[in-house]
Each structure stands twice: as structure tokens, then as C-alpha cells.
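Undergrad: To be precise about what I am sending: the file is called final-v7.cif and holds mmCIF, C-alpha atoms.
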data_my_file
#
loop_
_atom_site.label_atom_id
_atom_site.label_comp_id
_atom_site.auth_asym_id
_atom_site.auth_seq_id
_atom_site.Cartn_x
_atom_site.Cartn_y
_atom_site.Cartn_z
CA MET X 1 14.05 -13.63 48.01
CA ALA X 2 10.90 -13.73 45.89
CA SER X 3 10.87 -16.15 42.99
CA SER X 4 8.68 -16.71 39.96
CA SER X 5 7.48 -19.92 38.41
CA VAL X 6 8.09 -18.42 34.94
CA GLU X 7 11.64 -17.46 34.10
CA PRO X 8 12.03 -14.59 31.56
CA SER X 9 13.85 -15.66 28.42
CA PRO X 10 17.52 -14.61 28.72
CA SER X 11 17.28 -13.19 25.17
CA LEU X 12 14.62 -10.70 26.28
CA PRO X 13 16.05 -8.03 28.60
CA LEU X 14 13.63 -6.54 31.11
CA GLU X 15 13.79 -3.22 29.26
CA ASP X 16 12.27 -4.88 26.18
CA TYR X 17 9.25 -5.99 28.18
CA ARG X 18 8.64 -2.36 29.10
CA ARG X 19 9.33 -1.17 25.55
CA TYR X 20 7.10 -3.65 23.73
CA GLY X 21 4.69 -4.72 26.44
CA ARG X 22 1.63 -3.15 24.87
CA GLN X 23 2.36 -5.01 21.64
CA MET X 24 3.48 -8.27 23.25
CA ILE X 25 0.11 -8.81 24.90
CA LEU X 26 -1.54 -8.98 21.46
CA ASP X 27 -2.11 -12.51 20.17
CA GLY X 28 0.68 -13.85 18.02
CA PHE X 29 3.42 -11.38 18.91
CA GLY X 30 6.90 -11.90 20.23
CA LEU X 31 10.27 -10.16 20.13
CA GLU X 32 12.43 -12.22 17.81
CA GLY X 33 13.32 -10.52 14.55
CA THR X 34 16.16 -9.90 12.09
CA LEU X 35 15.98 -7.26 9.36
CA GLY X 36 17.88 -7.42 6.10
CA VAL X 37 18.18 -4.22 4.07
CA ILE X 38 19.44 -4.41 0.46
CA ASP X 39 20.32 -1.29 -1.55
CA HIS X 40 23.40 -0.24 -3.51
CA ASP X 41 22.46 3.45 -3.60
CA THR X 42 23.63 6.32 -1.41
CA VAL X 43 21.58 8.91 0.48
CA GLN X 44 20.82 12.03 -1.55
CA ILE X 45 19.33 15.29 -0.34
CA SER X 46 16.23 14.62 -2.47
CA ASN X 47 15.58 11.41 -0.50
CA LEU X 48 15.00 13.23 2.78
CA GLN X 49 11.57 14.49 1.71
CA ARG X 50 10.12 10.98 2.01
CA GLN X 51 12.75 8.45 3.22
CA VAL X 52 12.56 9.36 6.87
CA LEU X 53 15.25 7.01 8.20
CA HIS X 54 17.92 9.21 6.61
CA THR X 55 19.23 12.56 7.86
CA GLU X 56 21.18 15.49 6.45
CA ASP X 57 24.29 14.29 8.30
CA ARG X 58 24.17 10.99 6.39
CA VAL X 59 23.89 12.39 2.85
CA GLY X 60 26.44 10.48 0.76
CA MET X 61 26.38 7.44 3.06
CA ALA X 62 25.20 4.07 1.74
CA LYS X 63 21.44 3.92 2.25
CA VAL X 64 21.53 0.55 3.98
CA LEU X 65 24.16 1.76 6.47
CA SER X 66 22.13 4.90 7.14
CA ALA X 67 18.97 2.83 7.66
CA ALA X 68 20.78 0.41 9.96
CA GLU X 69 22.12 3.31 12.03
CA ALA X 70 18.65 4.83 12.35
CA ILE X 71 17.18 1.49 13.46
CA ARG X 72 19.94 0.95 16.01
CA GLN X 73 19.34 4.43 17.43
CA MET X 74 15.73 3.43 18.05
CA ASN X 75 16.60 0.00 19.46
CA SER X 76 20.22 -1.05 19.81
CA ARG X 77 19.29 -4.73 20.22
CA ILE X 78 17.65 -5.17 16.83
CA THR X 79 19.73 -7.23 14.42
CA VAL X 80 20.14 -5.49 11.06
CA ASN X 81 22.00 -6.99 8.13
CA PRO X 82 22.92 -4.13 5.75
CA ILE X 83 23.76 -5.38 2.26
CA THR X 84 25.32 -2.77 -0.02
CA ALA X 85 25.33 -4.96 -3.12
CA ALA X 86 22.84 -4.38 -5.92
CA LEU X 87 20.10 -7.00 -6.02
CA THR X 88 20.46 -8.91 -9.29
CA SER X 89 19.20 -12.13 -10.84
CA ALA X 90 22.57 -13.67 -9.92
CA ASN X 91 22.29 -13.06 -6.16
CA ALA X 92 18.58 -12.56 -5.38
CA VAL X 93 17.82 -16.15 -4.34
CA GLU X 94 20.88 -16.40 -2.09
CA LEU X 95 20.36 -13.01 -0.44
CA LEU X 96 16.63 -13.41 0.22
CA ALA X 97 16.52 -17.09 1.20
CA PRO X 98 17.29 -16.55 4.94
CA TYR X 99 14.23 -14.33 5.54
CA ASP X 100 10.60 -15.19 6.20
CA LEU X 101 9.12 -12.60 3.88
CA ILE X 102 10.22 -9.99 1.35
CA LEU X 103 9.26 -6.34 1.12
CA ASP X 104 9.41 -4.66 -2.27
CA CYS X 105 10.25 -0.97 -1.73
CA THR X 106 11.78 -0.46 -5.17
CA ASP X 107 10.89 2.03 -7.90
CA ASN X 108 11.69 0.10 -11.09
CA LEU X 109 9.93 -2.70 -12.93
CA PRO X 110 12.88 -5.06 -13.58
CA THR X 111 13.49 -5.37 -9.84
CA ARG X 112 9.77 -5.84 -9.15
CA TYR X 113 9.64 -8.81 -11.54
CA LEU X 114 12.87 -10.18 -10.07
CA LEU X 115 11.53 -9.95 -6.52
CA SER X 116 8.23 -11.56 -7.48
CA ASP X 117 9.88 -14.48 -9.30
CA THR X 118 12.28 -14.98 -6.38
CA ALA X 119 9.42 -14.93 -3.87
CA VAL X 120 7.65 -17.64 -5.87
CA GLU X 121 10.77 -19.79 -6.09
CA LEU X 122 11.48 -19.44 -2.35
CA GLY X 123 7.84 -19.86 -1.35
CA LYS X 124 7.73 -16.54 0.49
CA PRO X 125 5.12 -13.75 0.44
CA LEU X 126 6.11 -10.47 -1.20
CA VAL X 127 4.72 -7.27 0.34
CA SER X 128 4.89 -4.74 -2.48
CA GLY X 129 4.27 -1.02 -2.28
CA ALA X 130 4.47 1.77 -4.85
CA ALA X 131 3.91 5.53 -4.70
CA GLN X 132 3.94 8.28 -7.29
CA GLN X 133 2.60 11.81 -7.31
CA PHE X 134 -0.55 11.69 -5.08
CA ASP X 135 -1.25 7.97 -5.48
CA GLY X 136 -0.02 4.67 -4.13
CA GLN X 137 -0.86 1.00 -4.11
CA LEU X 138 -0.20 -2.00 -1.91
CA CYS X 139 -0.38 -5.72 -2.59
CA VAL X 140 0.88 -8.98 -1.12
CA TYR X 141 1.95 -11.29 -3.94
CA ASN X 142 2.35 -15.05 -3.53
CA LEU X 143 0.16 -14.71 -0.43
CA PRO X 144 -0.50 -17.91 1.57
CA LEU X 145 -4.25 -18.36 1.27
CA LYS X 146 -6.75 -19.22 3.99
CA SER X 147 -10.10 -20.97 3.64
CA ASP X 148 -12.66 -20.48 6.38
CA GLY X 149 -9.90 -19.00 8.52
CA GLN X 150 -7.66 -22.07 8.13
CA ASP X 151 -4.30 -22.19 6.35
CA SER X 152 -4.35 -23.55 2.81
CA GLN X 153 -1.61 -25.07 0.69
CA GLU X 154 -2.48 -22.66 -2.12
CA ARG X 155 -1.11 -19.18 -2.76
CA GLY X 156 -2.38 -16.01 -4.34
CA PRO X 157 -1.22 -14.53 -7.65
CA CYS X 158 2.27 -13.22 -8.23
CA PHE X 159 3.22 -9.93 -9.88
CA ARG X 160 3.50 -11.61 -13.30
CA CYS X 161 -0.05 -12.96 -12.97
CA LEU X 162 -1.43 -9.43 -12.82
CA PHE X 163 1.10 -7.74 -15.11
CA PRO X 164 2.35 -10.35 -17.62
CA LYS X 165 3.68 -7.69 -20.00
CA PRO X 166 5.58 -4.65 -18.67
CA PRO X 167 4.96 -1.24 -20.20
CA ALA X 168 7.61 0.37 -22.38
CA PRO X 169 10.43 1.95 -20.34
CA GLU X 170 9.43 5.40 -21.62
CA MET X 171 6.01 4.95 -20.01
CA ALA X 172 7.31 3.92 -16.59
CA GLY X 173 8.05 7.29 -15.02
CA SER X 174 9.93 7.73 -11.76
CA CYS X 175 9.47 10.04 -8.78
CA GLU X 176 12.23 12.27 -10.17
CA GLU X 177 10.31 12.84 -13.38
CA LEU X 178 6.72 12.86 -12.12
CA GLY X 179 7.10 13.89 -8.48
CA VAL X 180 5.73 12.35 -5.29
CA LEU X 181 4.16 13.68 -2.11
CA GLY X 182 6.26 12.53 0.84
CA ALA X 183 3.21 11.77 2.97
CA VAL X 184 1.94 9.35 0.31
CA THR X 185 5.08 7.23 0.60
CA GLY X 186 4.64 7.39 4.38
CA VAL X 187 1.10 6.00 4.11
CA ILE X 188 2.16 3.18 1.78
CA GLY X 189 5.27 2.41 3.84
CA ASN X 190 3.27 2.12 7.06
CA LEU X 191 0.74 -0.13 5.35
CA GLN X 192 3.57 -2.33 4.06
CA ALA X 193 4.93 -2.65 7.58
CA LEU X 194 1.46 -3.53 8.88
CA GLU X 195 0.99 -6.24 6.23
CA ALA X 196 4.41 -7.68 7.10
CA ILE X 197 3.54 -7.76 10.81
CA LYS X 198 0.21 -9.45 10.12
CA LEU X 199 1.90 -12.11 8.01
CA LEU X 200 4.66 -12.80 10.54
CA ALA X 201 2.18 -12.97 13.42
CA GLY X 202 -0.25 -15.21 11.55
CA LEU X 203 -2.98 -12.57 11.63
CA HIS X 204 -3.45 -12.01 7.88
CA ASP X 205 -6.84 -13.02 6.51
CA GLY X 206 -5.20 -14.78 3.57
CA LYS X 207 -7.37 -13.04 0.98
CA PRO X 208 -5.34 -11.44 -1.84
CA SER X 209 -6.36 -7.91 -2.77
CA LEU X 210 -4.90 -4.77 -4.31
CA LEU X 211 -5.26 -1.66 -2.16
CA MET X 212 -5.20 1.64 -4.05
CA PHE X 213 -4.67 4.96 -2.29
CA SER X 214 -5.28 8.45 -3.59
CA ALA X 215 -4.45 11.40 -1.37
CA LEU X 216 -6.99 13.46 -3.30
CA GLY X 217 -9.70 10.81 -3.47
CA ALA X 218 -12.90 10.63 -1.47
CA PRO X 219 -12.67 8.08 0.03
CA PRO X 220 -8.87 7.82 -0.27
CA PHE X 221 -8.75 4.00 -0.17
CA ARG X 222 -10.18 1.47 -2.60
CA SER X 223 -9.64 -2.28 -2.45
CA VAL X 224 -9.90 -4.66 -5.40
CA LYS X 225 -10.24 -8.41 -4.87
CA LEU X 226 -7.64 -10.30 -6.90
CA ARG X 227 -8.37 -13.33 -9.01
CA SER X 228 -6.58 -16.61 -8.48
CA ARG X 229 -3.27 -17.46 -10.09
CA ARG X 230 -3.13 -17.67 -13.87
CA PRO X 231 -2.52 -21.32 -14.75
CA ALA X 232 -0.32 -20.20 -17.66
CA CYS X 233 1.75 -17.73 -15.62
CA PRO X 234 5.43 -18.32 -16.50
CA ALA X 235 6.44 -17.86 -12.84
CA CYS X 236 3.79 -19.46 -10.61
CA GLY X 237 1.44 -21.23 -13.06
CA VAL X 238 1.21 -24.96 -13.75
CA GLU X 239 0.71 -24.71 -17.50
CA GLY X 240 2.69 -23.39 -20.43
CA GLU X 241 6.30 -22.25 -20.71
CA LYS X 242 8.18 -21.30 -17.56
CA VAL X 243 10.22 -18.16 -17.04
CA GLY X 244 13.41 -20.19 -16.66
CA ARG X 245 16.11 -20.04 -14.03
CA ILE X 246 16.18 -16.69 -12.25
CA GLU X 247 19.97 -16.61 -12.42
CA GLU X 248 19.80 -16.80 -16.22
CA THR X 249 17.01 -14.24 -16.73
CA ASP X 250 17.73 -10.72 -18.00
CA TYR X 251 15.00 -8.71 -16.30
CA VAL X 252 16.07 -5.41 -17.83
CA ALA X 253 15.74 -6.88 -21.33
CA PHE X 254 12.37 -8.40 -20.42
CA CYS X 255 11.15 -4.91 -19.45
CA GLY X 256 12.26 -3.44 -22.76
CA GLY X 257 15.74 -2.25 -21.83
CA GLU X 258 17.14 0.35 -19.49
CA ARG X 259 14.92 3.14 -18.24
CA PRO X 260 15.60 6.22 -20.37
CA ASP X 261 18.24 8.54 -18.98
CA TRP X 262 16.29 11.76 -19.44
CA VAL X 263 19.17 13.88 -18.18
CA ALA X 264 21.53 12.43 -20.81
CA ARG X 265 18.90 12.75 -23.52
CA GLY X 266 18.29 16.36 -22.63
CA LEU X 267 22.02 17.05 -22.84
CA GLY X 268 22.35 15.57 -26.33
CA VAL X 269 23.55 18.25 -28.73
CA GLY X 270 21.56 17.07 -31.75
CA ASP X 271 20.97 19.57 -34.56
CA PRO X 272 22.97 22.78 -33.79
CA GLU X 273 20.38 24.67 -35.80
CA ARG X 274 17.76 23.70 -33.24
CA ARG X 275 19.65 23.62 -29.91
CA VAL X 276 21.70 26.09 -27.86
CA HIS X 277 23.86 25.81 -24.77
CA ALA X 278 22.96 27.76 -21.64
CA THR X 279 25.75 30.28 -22.16
CA GLU X 280 24.57 30.89 -25.73
CA LEU X 281 21.03 31.50 -24.51
CA LYS X 282 22.36 33.97 -21.95
CA GLU X 283 24.18 35.88 -24.69
CA ALA X 284 21.07 35.88 -26.89
CA ILE X 285 18.94 37.28 -24.06
CA GLU X 286 21.46 39.98 -23.16
CA GLN X 287 22.17 41.18 -26.69
CA LEU X 288 19.96 44.00 -27.87
CA SER X 289 20.26 43.62 -31.64
CA ARG X 290 17.40 41.09 -31.95
CA PRO X 291 14.18 40.53 -29.98
CA VAL X 292 14.01 37.25 -28.02
CA GLN X 293 11.06 35.25 -26.67
CA VAL X 294 11.73 32.55 -24.07
CA LEU X 295 9.00 29.90 -24.08
CA ASP X 296 8.84 27.70 -20.95
CA VAL X 297 6.94 24.44 -21.63
CA ARG X 298 6.98 23.01 -18.11
CA PRO X 299 3.73 22.45 -16.18
CA ARG X 300 2.39 25.60 -14.57
CA THR X 301 3.23 24.35 -11.08
CA GLU X 302 6.91 24.03 -12.03
CA PHE X 303 6.85 27.39 -13.77
CA GLU X 304 5.62 28.96 -10.53
CA ILE X 305 8.49 27.36 -8.61
CA CYS X 306 11.08 29.19 -10.70
CA HIS X 307 11.44 30.60 -14.21
CA LEU X 308 13.61 32.89 -16.28
CA PRO X 309 12.58 36.56 -16.12
CA GLY X 310 10.27 37.54 -18.96
CA SER X 311 9.59 33.98 -20.08
CA THR X 312 6.15 32.83 -21.24
CA ASN X 313 4.60 29.60 -19.98
CA VAL X 314 2.74 27.22 -22.30
CA PRO X 315 2.75 23.64 -20.91
CA ILE X 316 3.98 21.05 -23.38
CA LYS X 317 0.65 19.18 -23.46
CA GLU X 318 -1.18 22.33 -24.50
CA LEU X 319 1.44 23.18 -27.10
CA LEU X 320 1.38 19.72 -28.68
CA THR X 321 -2.43 19.79 -28.77
CA ASN X 322 -2.53 23.06 -30.75
CA PRO X 323 0.99 23.95 -31.99
CA SER X 324 -0.35 26.21 -34.75
CA VAL X 325 -2.32 28.26 -32.22
CA VAL X 326 0.76 28.68 -30.02
CA ALA X 327 2.88 29.60 -33.02
CA GLU X 328 0.32 32.20 -34.01
CA GLN X 329 0.22 33.63 -30.48
CA LEU X 330 4.00 33.91 -30.39
CA GLY X 331 3.97 35.58 -33.79
CA SER X 332 1.35 38.10 -32.70
CA LYS X 333 3.70 39.31 -29.96
CA ASP X 334 6.63 39.80 -32.29
CA PRO X 335 6.85 37.95 -35.62
CA GLU X 336 10.56 38.76 -35.92
CA ALA X 337 11.57 37.50 -32.45
CA ASP X 338 13.93 34.57 -32.01
CA ILE X 339 12.23 31.83 -29.97
CA TYR X 340 14.11 29.82 -27.38
CA VAL X 341 12.22 26.96 -25.69
CA VAL X 342 13.16 25.76 -22.21
CA CYS X 343 12.00 22.95 -19.93
CA ARG X 344 13.41 21.18 -16.90
CA LEU X 345 15.93 18.81 -18.50
CA GLY X 346 15.85 19.57 -22.22
CA ASN X 347 13.51 16.85 -23.51
CA ASP X 348 10.05 18.41 -23.78
CA SER X 349 11.66 21.51 -25.26
CA GLN X 350 12.92 19.45 -28.22
CA LEU X 351 9.39 18.20 -28.90
CA ALA X 352 8.13 21.76 -28.71
CA VAL X 353 10.67 23.02 -31.26
CA HIS X 354 9.70 20.29 -33.73
CA ALA X 355 6.00 21.05 -33.23
CA LEU X 356 6.44 24.80 -33.73
CA ARG X 357 8.51 24.33 -36.87
CA ASP X 358 6.01 21.83 -38.28
CA ALA X 359 3.27 24.36 -37.52
CA GLY X 360 4.97 26.86 -39.81
CA ARG X 361 7.02 28.98 -37.42
CA THR X 362 10.09 30.19 -39.32
CA GLY X 363 13.24 31.93 -38.24
CA VAL X 364 15.20 31.04 -35.11
CA VAL X 365 13.38 28.38 -33.08
CA LYS X 366 15.78 26.59 -30.74
CA ASP X 367 15.69 24.85 -27.37
CA LEU X 368 18.02 24.83 -24.38
CA ILE X 369 20.37 21.84 -24.15
CA GLY X 370 20.02 20.29 -20.70
CA GLY X 371 17.12 22.54 -19.82
CA LEU X 372 16.97 24.83 -16.81
CA ARG X 373 19.12 22.42 -14.83
CA ALA X 374 21.94 23.24 -17.24
CA TRP X 375 21.13 26.94 -16.86
CA ALA X 376 21.60 26.58 -13.08
CA LYS X 377 24.94 24.82 -13.51
CA GLU X 378 26.43 26.90 -16.32
CA VAL X 379 24.94 30.37 -15.91
CA ASP X 380 23.19 31.06 -12.61
CA GLY X 381 24.24 29.10 -9.55
CA ASN X 382 21.37 30.61 -7.58
CA PHE X 383 18.71 29.24 -9.93
CA PRO X 384 16.85 26.41 -8.12
CA ILE X 385 17.46 22.78 -9.06
CA TYR X 386 14.61 20.43 -8.11
#
What is this structure when it is put down as C-alpha cells?
TA:
Amino acid sequence: MASSSVEPSPSLPLEDYRRYGRQMILDGFGLEGTLGVIDHDTVQISNLQRQVLHTEDRVGMAKVLSAAEAIRQMNSRITVNPITAALTSANAVELLAPYDLILDCTDNLPTRYLLSDTAVELGKPLVSGAAQQFDGQLCVYNLPLKSDGQDSQERGPCFRCLFPKPPAPEMAGSCEELGVLGAVTGVIGNLQALEAIKLLAGLHDGKPSLLMFSALGAPPFRSVKLRSRRPACPACGVEGEKVGRIEETDYVAFCGGERPDWVARGLGVGDPERRVHATELKEAIEQLSRPVQVLDVRPRTEFEICHLPGSTNVPIKELLTNPSVVAEQLGSKDPEADIYVVCRLGNDSQLAVHALRDAGRTGVVKDLIGGLRAWAKEVDGNFPIY
């Protein structure tokens, strides 16, 4: 019987040599690896446009369990630790300590600061990606630096170094509010994976930079060299006041409080003289005793997706720029008409009503509580929700 002077590792089945052979022959690569996935959310139908590990059959399942199942379907021998708990300041250090690096795939600022501070405390690099609309960015925070190709004891800046003060919660929009192109998240996600592989294999150049991507840009990629750590950074600096123990830090409060619940705000009843329910708007449109104008203040792209028959589109930015002009235009059509303003969730429509009234429009000027999403739920089940 033929024999070999090199025995294959018993932890590497022969099938894995065939599967990963073209990667294994690259310098610095091997097969060992354990993945930890942390998320307390469940799969929603809106996730499938960009979160490609999930499927229609797994809508409603915990995201981490869905991701683990998808990974096991690709390779049953990969070890995946699904963690369904929410990552908080109380458990972040304990949950992330067993791993060699951390990937930030979140969409909210409190968690980004938490992950960055935890990465600094644990001495681990943080591969952070973000995507919104047509744009994305990628950065490795707390990056182990190299000098002349050799490892250094120093590290690159953390997230707090670059963004010491978070923007107001109202200014930090989400994909739900602003939209995102699925392919953009795919680009950023692949680049995150590549950075993680380079770090684990010792192939990273150790030079901190911020990579910005624009799907509509020419060229689409732009890289910015990052400065060194801020000596006075509360997380990773050597001067000034420290951020304190992670377990005792309220990251939501640091970021100015909870992100606004735009759905709840749009559903607020407010002044009954200025707001109507969907069923009331339906009655107003169908009655013939008074003329009605429906003003849709969503962006034109959203108006083209779906709109109420006979409605007029004036995007909220244009209306707020020249409310008196819009009021005059509406009056020229029918000065006696009752005006009902609609938007997606019922927030921009409230601003529009105030602007029109301040511009001198009298009579009935009201907006739709809960916006067109409420219309779809309460009046027309075939009206699209997006």
C-alpha cells in the first residue's frame, strides 16, 4: 500500500482539500474557523432584497438561526455560534471576547460606538461597513499597524477618534426611511469579508483608511488615509477623561436618545382640525358636496411607485422652499377645495400642512394620519406598502 510522509490533519476531511484547495495554496491560509453571529431580530420580507443569506421560507425566523442554516447548507462542517440575544453594553465584552476580530454589520450609531469601544478594550480589529441609498463606506477601526511591512505595537484610530460626537437621532436615517440599493450592501459586505480574511491571514497592509463607495460615482471608489489616534480620545487615547466601563455606559443616551419612531409619530392624532384618519379621507374623496384636492408630498420616485387617483405631487422639499407658491398654485385650481396632504407615514404631511397654513391657505387643510401606509391598512388592502 502506498504511503505518504505527510499525514493529512484528521480535522481536515479530504473533501475540504478539494473544496478549498485553490484558496489553501495562497500564503497564509488554512481551514480553521468559527463564526459567531449576534442578532436579536427576525427575518422580514423587506430584508430579502439585500440580506442574501435569508429566504422566503425563513421569514419570521430569528436572523442568526437563518444565517446559520444558510452557512451549514453551503458547508456542513463550519462551526457557527448563533446568538439570539441583543448586543448590549452589559454583554458585549463577554460575547465578543472569544473571537479574533469583530465585524460591524449594524445600522445604528449606539451599537457602532459600543462595538468600537469593545474592540478597543479587547484589543481586536473592528471591520465596519455601512450602506445607504447608493453609497457605502468601509473602515477597519483599531487596526494593528505595520511599519515597513513589519507588525507594530501601535493601532489605528477607533470609531470615536473619527466621530467623537454623534449626530442627532433625527439626522441618522435608516434604510427604511431613505432606501438602499441591494447591490450596494453586497459590495460593502464582500469588501468587509475580504478585509476580515486579510486580517486573519496576516495579509493586511496595516495602513488605516476609509474607503467610500458610490454606485453612481466615476470612479465608484475613493480612499481616504486616516490620521493616527487622537491622544484625547475617551476610548483609545492616552490623555483626558476616559469613556468609563463599557458595562456602565448608556450608548443610546450618548447618541441623543432612541432613534425616532417615525411610524408612531405619523400615527399621532395631534390637532383634529389638522389631521384625518384614512377612513375619513375616503369619505371626503367620495362625497360630492365639496371639491377635494389630495396633495402628495413624497419624492417623485415614490409617487411613481403608487399614488391615490387624482392626487397632485409636490415633493416636501419643494413645498417647504416655496410654500406660498404652492398654496397659490393649489388655489388657482380651485380656491374653495378642501386640501388633504398625504405622504408615506404621516410625518412630512404634517410639516406641509403647517407650511401651507403659515403661507396663508385658509379653509380645510389637513393631513392623513399614518400616511399612505395607514390607507393601505384601513381602506385599500391592495395599495402597495413599501
Undergrad: Pick out the closest residue to X:Val326 from this set: X:Lys146, X:Arg229, X:Arg361, X:His40. Count all atoms listed in the file.
TA: X:Arg361
Undergrad: For the PyMOL selection byres ((chain X and resi 246-263) around 9), applied here, can you spell out every residue it catches as a ChimeraX atom specification?
TA: /X:88-93,108-111,113-114,117-118,121,165-170,172-173,177,243-245,264-268,345-347,370
Undergrad: Could you state which residues are captured by the PyMOL selection byres ((chain X and resi 330) around 12) in this file, as a ChimeraX atom specification?
TA: /X:292-295,311-314,319,323-329,331-341,356,359-362,365
Undergrad: Would you translate the PyMOL selection byres ((chain X and resi 209) around 6) into the concrete set of residues it matches in this file, as an mmCIF file with C-alpha atoms, in the coordinates of the input?
TA:
data_model
loop_
_atom_site.group_PDB
_atom_site.id
_atom_site.type_symbol
_atom_site.label_atom_id
_atom_site.label_comp_id
_atom_site.auth_asym_id
_atom_site.auth_seq_id
_atom_site.Cartn_x
_atom_site.Cartn_y
_atom_site.Cartn_z
ATOM 1 C CA PRO X 208 -5.340 -11.440 -1.840
ATOM 2 C CA LEU X 210 -4.900 -4.770 -4.310
ATOM 3 C CA VAL X 224 -9.900 -4.660 -5.400
ATOM 4 C CA LYS X 225 -10.240 -8.410 -4.870
ATOM 5 C CA LEU X 226 -7.640 -10.300 -6.900
#
Undergrad: Work out how far apart atom CA of X:Val43 and atom CA of X:Ala183 are and give it in Å to one decimal.
TA: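 Taking atom CA of X:Val43 and atom CA of X:Ala183, their separation equals 18.8 Å.
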Undergrad: Neighbours of stretch 98-102 of chain X within 10 Å (all atoms listed in the file; same-chain residues fewer than 3 positions away dropped), as a PyMOL selection string?
TA: chain X and resi 33-36+93-95+105+115-116+118-119+122-128+140-141+196+199-200
Undergrad: Residues near X:Ser76, anyone? I mean within 12 Å using all atoms listed in the file, not counting same-chain ones fewer than 5 positions away, as a ChimeraX atom specification.
TA: /X:13,15-16,68-71
Undergrad: Mind pulling up the distance from atom CA of X:Arg227 to atom CA of X:Pro157?
TA: 7.4 Å
Undergrad: Report, in Å with one decimal, the straight-line distance from atom CA of X:Cys236 to atom CA of X:Leu194.
TA: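 Separating atom CA of X:Cys236 from atom CA of X:Leu194 is a distance of 25.3 Å.
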Undergrad: Which polymer residues have any atom within 12 Å of an atom of X:Val269, counting all atoms listed in the file, with same-chain residues fewer than 5 positions away left out, as a ChimeraX atom specification?
TA: /X:264,274-278,346-347,350,366-371
Undergrad: Identify the residues around (21.5, -0.8, 2.6) within a radius of 10 Å, measuring from all atoms listed in the file in the coordinates stated by the file, and give them as an MDAnalysis selection string.
TA: chainID X and resid 36:43 61:68 80:86
Undergrad: Any idea what's packed within 12 Å of X:Leu216, counting all atoms listed in the file, ignoring anything in its chain fewer than 6 positions away? Could you give it as a ChimeraX atom specification?
TA: /X:133-136,181,184
Undergrad: Would you write out, as a Markdown table, a table of all residues in stretch 120-226 of chain X that have an atom no more than 12 Å from an atom of stretch 22-26 of chain X, listing for each the closest atom pair and the distance in Å to one decimal, considering all atoms listed in the file and ordering rows by chain and rising residue number?
TA:
| residue | atom | partner | partner_atom | distance |
| --- | --- | --- | --- | --- |
| X:Ile197 | CA | X:Gln23 | CA | 11.2 |
| X:Lys198 | CA | X:Leu26 | CA | 11.5 |
| X:Ala201 | CA | X:Leu26 | CA | 9.7 |
| X:Gly202 | CA | X:Leu26 | CA | 11.8 |
| X:Leu203 | CA | X:Leu26 | CA | 10.6 |
Undergrad: Excluding X:Glu176 and its own-chain neighbours fewer than 6 positions away, which residues fall within 10 Å of it when counting only C-alpha atoms? Please give them as a ChimeraX atom specification.
TA: /X:46,132,386
Undergrad: List every protein, DNA or RNA residue that has at least one atom no more than 8 Å from (0.8, -1.5, 2.3) in the file's coordinates, counting only C-alpha atoms, and write the result as a list in words.
TA: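 The requested residues, written out, are Val127, Ser128, Gly129, Gln137, Leu138, Cys139, Val187, Ile188, Gly189, Asn190, Leu191, Gln192, Ala193, Leu194, Glu195 and Leu211 of chain X.
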Undergrad: Name the closest residue to X:Ala374 among the candidates X:Leu281, X:Leu96, X:Val297, X:Val238; distances are taken between atoms, counting only C-alpha atoms.
TA: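 Ranking X:Leu281, X:Leu96, X:Val297, X:Val238 by distance to X:Ala374, first place goes to X:Leu281.
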Undergrad: Just need the box for stretch 175-187 of chain X, edges along x, y and z, holding every atom the file lists for it with 3 Å tacked onto each side, so centre and edge lengths in Å to one decimal, as AutoDock Vina command-line options.
TA:
--center_x 6.7 --center_y 9.9 --center_z -4.5 --size_x 17.1 --size_y 13.9 --size_z 23.8
Undergrad: Mind completing stretch 205-216 of chain X with N, CA and C atoms? Output as a PDB file, keeping the file's coordinate frame, please?
TA:
ATOM      1  N   ASP X 205      -5.639 -12.264   6.859  1.00  0.00           N
ATOM      2  CA  ASP X 205      -6.840 -13.020   6.510  1.00  0.00           C
ATOM      3  C   ASP X 205      -6.640 -13.959   5.326  1.00  0.00           C
ATOM      4  N   GLY X 206      -5.490 -13.857   4.653  1.00  0.00           N
ATOM      5  CA  GLY X 206      -5.200 -14.780   3.570  1.00  0.00           C
ATOM      6  C   GLY X 206      -6.034 -14.565   2.335  1.00  0.00           C
ATOM      7  N   LYS X 207      -6.557 -13.357   2.161  1.00  0.00           N
ATOM      8  CA  LYS X 207      -7.370 -13.040   0.980  1.00  0.00           C
ATOM      9  C   LYS X 207      -6.627 -11.995   0.142  1.00  0.00           C
ATOM     10  N   PRO X 208      -6.141 -12.378  -1.034  1.00  0.00           N
ATOM     11  CA  PRO X 208      -5.340 -11.440  -1.840  1.00  0.00           C
ATOM     12  C   PRO X 208      -6.191 -10.301  -2.393  1.00  0.00           C
ATOM     13  N   SER X 209      -5.677  -9.091  -2.261  1.00  0.00           N
ATOM     14  CA  SER X 209      -6.360  -7.910  -2.770  1.00  0.00           C
ATOM     15  C   SER X 209      -5.329  -6.856  -3.121  1.00  0.00           C
ATOM     16  N   LEU X 210      -5.739  -5.907  -3.939  1.00  0.00           N
ATOM     17  CA  LEU X 210      -4.900  -4.770  -4.310  1.00  0.00           C
ATOM     18  C   LEU X 210      -5.525  -3.526  -3.695  1.00  0.00           C
ATOM     19  N   LEU X 211      -4.779  -2.867  -2.825  1.00  0.00           N
ATOM     20  CA  LEU X 211      -5.260  -1.660  -2.160  1.00  0.00           C
ATOM     21  C   LEU X 211      -4.714  -0.445  -2.897  1.00  0.00           C
ATOM     22  N   MET X 212      -5.599   0.417  -3.347  1.00  0.00           N
ATOM     23  CA  MET X 212      -5.200   1.640  -4.050  1.00  0.00           C
ATOM     24  C   MET X 212      -5.510   2.851  -3.190  1.00  0.00           C
ATOM     25  N   PHE X 213      -4.553   3.765  -3.130  1.00  0.00           N
ATOM     26  CA  PHE X 213      -4.670   4.960  -2.290  1.00  0.00           C
ATOM     27  C   PHE X 213      -4.514   6.205  -3.141  1.00  0.00           C
ATOM     28  N   SER X 214      -5.398   7.159  -2.941  1.00  0.00           N
ATOM     29  CA  SER X 214      -5.280   8.450  -3.590  1.00  0.00           C
ATOM     30  C   SER X 214      -5.437   9.537  -2.546  1.00  0.00           C
ATOM     31  N   ALA X 215      -4.407  10.346  -2.378  1.00  0.00           N
ATOM     32  CA  ALA X 215      -4.450  11.400  -1.370  1.00  0.00           C
ATOM     33  C   ALA X 215      -5.560  12.399  -1.661  1.00  0.00           C
ATOM     34  N   LEU X 216      -5.968  12.496  -2.918  1.00  0.00           N
ATOM     35  CA  LEU X 216      -6.990  13.460  -3.300  1.00  0.00           C
ATOM     36  C   LEU X 216      -8.351  12.812  -3.498  1.00  0.00           C
TER      37      LEU X 216
END
